[in-house]
Amino acid sequence: MGKKFLRILLKVLAGLLSILLIAAVGFLLILAQPKADETEKAEPQPLLAASPAVNISRETDLYSLVEGFPAPVLCFMSGSGMSFVSGTAADAALQGGFGRVATLYWQTADGEPMILRSIYPASALSLLESGYHFSTVHGPVLFGMDSVRMENEDTVRVHAATDNGLYEVTVPKALAPKLSSLCRSLQLFSVKGSRPD
C-alpha cells in the first residue's frame with residue numbers, strides 16, 4: 001500500500017511540474033512578443049502650395065523637372081535603350097492643398113510607348129488613373145518591393161509606393177510580357193544638393 005501511495009504521489013508531482021513548466025514557457029513567450037504600439041508611425045507628408053507646371057521635350061532638360069519635384073522621380077537609367085519623348089510636372093488638387101505629379105513619356109527601340117509617373121505624396125492613391133481592374137498576374141518588383149498590377153482594355157499598369165512617393169509604370173498590352181525586364185532598367189532619380197557646375 002505504501003508503494004501504491006508513493007506512485008500516486010509521484011504522478012501528481014510530475015503533473016504539477018508539467019503544468020508549472022507549461023505556464024513558465026507561456027509567460028516567457030508573452031514577454032518575448034514585440035509590442036505593435038512601440039513602432040513609430042511615419043508622419044504624413046505635407047501637402048504643397050501651388051506652383052507652376054514644368055514641361056520638357058528633351059532628356060537633357062530632365063534635371064529642371066526633377067529639381068523642383070518634392071520626391072525622387074521615376075525614370076530610365078542611362079544606357080537602357082529607351083528614347084525620351086517628353087515630360088511634365090504639374091500640381092494635382094488634394095483636399096487641403098496640392099500634390100504633384102511628374103509624367104515622363106518614353107519609347108522602346110521598337111517605338112512602343114511607356115509612361116512613368118511619380119506622384120507626391122505617397123499616400124495619394126486617388127491620383128492614380130481610374131478605369132483599371134486588378135490583374136491575376138503579380139506585378140514585377142520595383143525598388144525591392146512587390147508592385148500592384150492592374151489592367152484595362154489597352155494597357156497594363158503597375159504601381160508601388162515608397163516612403164517618398166507613389167510610382168506608376170503604364171505600358172501597352174503588347175509590352176506586358178517584357179514588363180519585368182523593362183522595370184529592371186528603372187531608377188528613382190533625385191538631384192537635391194547635386195547640381196553640376
# chains A, B, ... in the order shown; residues from 1 in each chain; ligands from 1
>>> residues_around(residues="Gly87 of chain A", least_positions_apart="2", cutoff="6 Å", atoms="only C-alpha atoms", output="ChimeraX atom specification")
/A:55-56,103-105
>>> write_last_selection(atoms="C-alpha atoms", output="mmCIF file, in the first residue's frame")
data_model
loop_
_atom_site.group_PDB
_atom_site.id
_atom_site.type_symbol
_atom_site.label_atom_id
_atom_site.label_comp_id
_atom_site.auth_asym_id
_atom_site.auth_seq_id
_atom_site.Cartn_x
_atom_site.Cartn_y
_atom_site.Cartn_z
ATOM 1 C CA ASN A 55 7.145 70.961 -69.458
ATOM 2 C CA ILE A 56 10.209 69.484 -71.154
ATOM 3 C CA THR A 103 4.787 62.261 -66.025
ATOM 4 C CA LEU A 104 7.578 61.113 -68.324
ATOM 5 C CA TYR A 105 6.891 59.679 -71.789
#
>>> residues_around(residues="segment 68-84 of chain A", least_positions_apart="3", cutoff="8 Å", atoms="only C-alpha atoms", output="count of residues only")
26
>>> closest_residue(among="A:Ser147, A:Ser126, A:Thr60, A:Ser181", to="Ala92 of chain A", atoms="only C-alpha atoms")
A:Ser126
>>> select_by_dssp(residues="segment 2-191 of chain A", states="strand (DSSP E)", output="PDB file with C-alpha atoms, in the first residue's frame")
ATOM      1  CA  VAL A  54       7.135  72.322 -65.883  1.00  0.00           C
ATOM      2  CA  ASN A  55       7.145  70.961 -69.458  1.00  0.00           C
ATOM      3  CA  ILE A  56      10.209  69.484 -71.154  1.00  0.00           C
ATOM      4  CA  VAL A  73      11.374  60.889 -59.925  1.00  0.00           C
ATOM      5  CA  LEU A  74      10.972  57.548 -61.705  1.00  0.00           C
ATOM      6  CA  CYS A  75      12.964  57.378 -64.937  1.00  0.00           C
ATOM      7  CA  PHE A  76      15.056  55.025 -67.048  1.00  0.00           C
ATOM      8  CA  SER A  83      14.160  57.049 -76.006  1.00  0.00           C
ATOM      9  CA  PHE A  84      12.886  60.052 -74.095  1.00  0.00           C
ATOM     10  CA  VAL A  85       9.846  61.759 -75.689  1.00  0.00           C
ATOM     11  CA  SER A  86       8.622  64.442 -73.247  1.00  0.00           C
ATOM     12  CA  GLY A  87       7.763  65.171 -69.651  1.00  0.00           C
ATOM     13  CA  THR A  88       5.576  67.305 -67.411  1.00  0.00           C
ATOM     14  CA  ALA A  89       5.337  68.060 -63.709  1.00  0.00           C
ATOM     15  CA  ALA A  90       2.143  69.704 -62.511  1.00  0.00           C
ATOM     16  CA  ASP A  91       0.070  70.265 -59.394  1.00  0.00           C
ATOM     17  CA  ALA A  92      -2.791  67.930 -58.558  1.00  0.00           C
ATOM     18  CA  ALA A  93      -5.535  69.128 -56.221  1.00  0.00           C
ATOM     19  CA  LEU A  94      -5.901  67.195 -52.978  1.00  0.00           C
ATOM     20  CA  GLY A  97      -3.654  71.590 -50.691  1.00  0.00           C
ATOM     21  CA  PHE A  98      -1.810  70.200 -53.664  1.00  0.00           C
ATOM     22  CA  GLY A  99       0.133  67.105 -54.569  1.00  0.00           C
ATOM     23  CA  ARG A 100       2.404  66.984 -57.587  1.00  0.00           C
ATOM     24  CA  VAL A 101       2.615  64.533 -60.479  1.00  0.00           C
ATOM     25  CA  ALA A 102       5.607  64.109 -62.806  1.00  0.00           C
ATOM     26  CA  THR A 103       4.787  62.261 -66.025  1.00  0.00           C
ATOM     27  CA  LEU A 104       7.578  61.113 -68.324  1.00  0.00           C
ATOM     28  CA  TYR A 105       6.891  59.679 -71.789  1.00  0.00           C
ATOM     29  CA  TRP A 106       9.385  57.203 -73.233  1.00  0.00           C
ATOM     30  CA  GLN A 107       9.569  54.837 -76.210  1.00  0.00           C
ATOM     31  CA  PRO A 113       5.180  53.970 -75.666  1.00  0.00           C
ATOM     32  CA  MET A 114       5.822  53.776 -71.943  1.00  0.00           C
ATOM     33  CA  ILE A 115       4.567  56.236 -69.344  1.00  0.00           C
ATOM     34  CA  LEU A 116       6.306  56.717 -65.980  1.00  0.00           C
ATOM     35  CA  ARG A 117       4.508  58.691 -63.290  1.00  0.00           C
ATOM     36  CA  SER A 118       5.879  59.893 -59.975  1.00  0.00           C
ATOM     37  CA  ILE A 119       3.242  61.084 -57.510  1.00  0.00           C
ATOM     38  CA  TYR A 120       3.690  63.110 -54.333  1.00  0.00           C
ATOM     39  CA  HIS A 133      -9.018  46.431 -62.606  1.00  0.00           C
ATOM     40  CA  PHE A 134      -6.713  44.150 -60.632  1.00  0.00           C
ATOM     41  CA  VAL A 141       9.498  44.022 -58.185  1.00  0.00           C
ATOM     42  CA  LEU A 142      10.053  47.797 -58.111  1.00  0.00           C
ATOM     43  CA  MET A 145       9.051  45.916 -53.296  1.00  0.00           C
ATOM     44  CA  ASP A 146       6.234  43.971 -54.904  1.00  0.00           C
ATOM     45  CA  VAL A 148       0.404  46.076 -57.798  1.00  0.00           C
ATOM     46  CA  ARG A 149      -0.510  45.124 -61.369  1.00  0.00           C
ATOM     47  CA  MET A 150      -3.726  46.443 -62.923  1.00  0.00           C
ATOM     48  CA  GLU A 151      -5.137  46.373 -66.445  1.00  0.00           C
ATOM     49  CA  THR A 155      -2.769  48.915 -71.165  1.00  0.00           C
ATOM     50  CA  VAL A 156      -1.121  47.325 -68.146  1.00  0.00           C
ATOM     51  CA  ARG A 157      -0.194  49.474 -65.152  1.00  0.00           C
ATOM     52  CA  VAL A 158       1.965  48.615 -62.158  1.00  0.00           C
ATOM     53  CA  HIS A 159       2.425  50.837 -59.139  1.00  0.00           C
ATOM     54  CA  ALA A 160       4.337  50.795 -55.861  1.00  0.00           C
ATOM     55  CA  ALA A 161       4.847  53.284 -53.050  1.00  0.00           C
ATOM     56  CA  LEU A 166       3.922  56.715 -55.356  1.00  0.00           C
ATOM     57  CA  TYR A 167       5.299  55.373 -58.639  1.00  0.00           C
ATOM     58  CA  GLU A 168       3.443  54.074 -61.682  1.00  0.00           C
ATOM     59  CA  VAL A 169       4.506  52.417 -64.952  1.00  0.00           C
ATOM     60  CA  THR A 170       1.991  52.103 -67.810  1.00  0.00           C
ATOM     61  CA  VAL A 171       2.644  50.091 -70.975  1.00  0.00           C
ATOM     62  CA  PRO A 172       0.562  48.821 -73.899  1.00  0.00           C
ATOM     63  CA  LEU A 186      14.166  51.937 -63.875  1.00  0.00           C
ATOM     64  CA  GLN A 187      15.632  54.159 -61.190  1.00  0.00           C
ATOM     65  CA  LEU A 188      14.496  56.808 -58.748  1.00  0.00           C
ATOM     66  CA  PHE A 189      16.317  59.985 -59.693  1.00  0.00           C
TER      67      PHE A 189
END
>>> select_by_dssp(residues="chain A", states="helix (DSSP H, G or I)", output="mmCIF file with C-alpha atoms, in the first residue's frame")
data_model
loop_
_atom_site.group_PDB
_atom_site.id
_atom_site.type_symbol
_atom_site.label_atom_id
_atom_site.label_comp_id
_atom_site.auth_asym_id
_atom_site.auth_seq_id
_atom_site.Cartn_x
_atom_site.Cartn_y
_atom_site.Cartn_z
ATOM 1 C CA GLY A 2 2.929 2.364 0.719
ATOM 2 C CA LYS A 3 4.366 1.749 -2.754
ATOM 3 C CA LYS A 4 0.997 2.468 -4.368
ATOM 4 C CA PHE A 5 0.702 5.741 -2.445
ATOM 5 C CA LEU A 6 4.255 6.719 -3.451
ATOM 6 C CA ARG A 7 3.469 6.073 -7.155
ATOM 7 C CA ILE A 8 0.315 8.213 -6.972
ATOM 8 C CA LEU A 9 2.231 10.979 -5.197
ATOM 9 C CA LEU A 10 4.985 10.935 -7.876
ATOM 10 C CA LYS A 11 2.390 11.093 -10.671
ATOM 11 C CA VAL A 12 0.667 14.057 -9.005
ATOM 12 C CA LEU A 13 4.009 15.842 -8.520
ATOM 13 C CA ALA A 14 5.011 15.110 -12.154
ATOM 14 C CA GLY A 15 1.658 16.545 -13.357
ATOM 15 C CA LEU A 16 2.090 19.689 -11.232
ATOM 16 C CA LEU A 17 5.649 20.139 -12.505
ATOM 17 C CA SER A 18 4.418 19.805 -16.137
ATOM 18 C CA ILE A 19 1.740 22.446 -15.553
ATOM 19 C CA LEU A 20 4.299 24.805 -13.984
ATOM 20 C CA LEU A 21 6.701 24.319 -16.941
ATOM 21 C CA ILE A 22 3.943 25.000 -19.495
ATOM 22 C CA ALA A 23 2.908 28.157 -17.592
ATOM 23 C CA ALA A 24 6.537 29.352 -17.431
ATOM 24 C CA VAL A 25 7.057 28.812 -21.183
ATOM 25 C CA GLY A 26 3.800 30.648 -21.980
ATOM 26 C CA PHE A 27 4.815 33.557 -19.728
ATOM 27 C CA LEU A 28 8.214 33.814 -21.452
ATOM 28 C CA LEU A 29 6.602 33.784 -24.910
ATOM 29 C CA ILE A 30 4.287 36.620 -23.881
ATOM 30 C CA LEU A 31 7.248 38.667 -22.621
ATOM 31 C CA ALA A 32 9.280 37.998 -25.785
ATOM 32 C CA ALA A 36 2.944 46.772 -32.024
ATOM 33 C CA ASP A 37 2.458 50.101 -30.206
ATOM 34 C CA GLU A 38 6.210 50.595 -29.807
ATOM 35 C CA GLU A 59 16.084 64.385 -71.926
ATOM 36 C CA THR A 60 18.806 66.919 -71.189
ATOM 37 C CA ASP A 61 16.128 69.115 -69.559
ATOM 38 C CA LEU A 62 15.134 66.345 -67.153
ATOM 39 C CA TYR A 63 17.226 67.987 -64.441
ATOM 40 C CA SER A 64 14.964 71.071 -64.363
ATOM 41 C CA LEU A 65 11.872 68.895 -63.913
ATOM 42 C CA VAL A 66 13.404 66.675 -61.221
ATOM 43 C CA GLU A 67 14.978 69.591 -59.329
ATOM 44 C CA LEU A 125 -3.736 56.825 -54.386
ATOM 45 C CA SER A 126 -6.657 58.955 -55.602
ATOM 46 C CA LEU A 127 -4.299 60.441 -58.211
ATOM 47 C CA LYS A 173 -0.582 45.213 -73.517
ATOM 48 C CA ALA A 174 1.854 44.225 -76.277
ATOM 49 C CA LEU A 175 4.705 45.021 -73.838
ATOM 50 C CA ALA A 176 3.177 43.119 -70.908
ATOM 51 C CA PRO A 177 5.409 40.008 -71.389
ATOM 52 C CA LYS A 178 8.522 42.258 -71.205
ATOM 53 C CA LEU A 179 7.328 44.327 -68.237
ATOM 54 C CA SER A 180 9.590 42.701 -65.629
ATOM 55 C CA SER A 181 12.736 43.150 -67.729
ATOM 56 C CA LEU A 182 11.795 46.754 -68.621
ATOM 57 C CA CYS A 183 11.276 47.592 -64.943
#
>>> atom_distance(atom1="atom CA of Gln45 of chain A", atom2="atom CA of Val191 of chain A")
19.4 Å
>>> atom_distance(atom1="atom CA of Asp163 of chain A", atom2="atom CA of Pro46 of chain A")
12.6 Å
>>> atom_distance(atom1="atom CA of Ala122 of chain A", atom2="atom CA of Thr136 of chain A")
24.4 Å
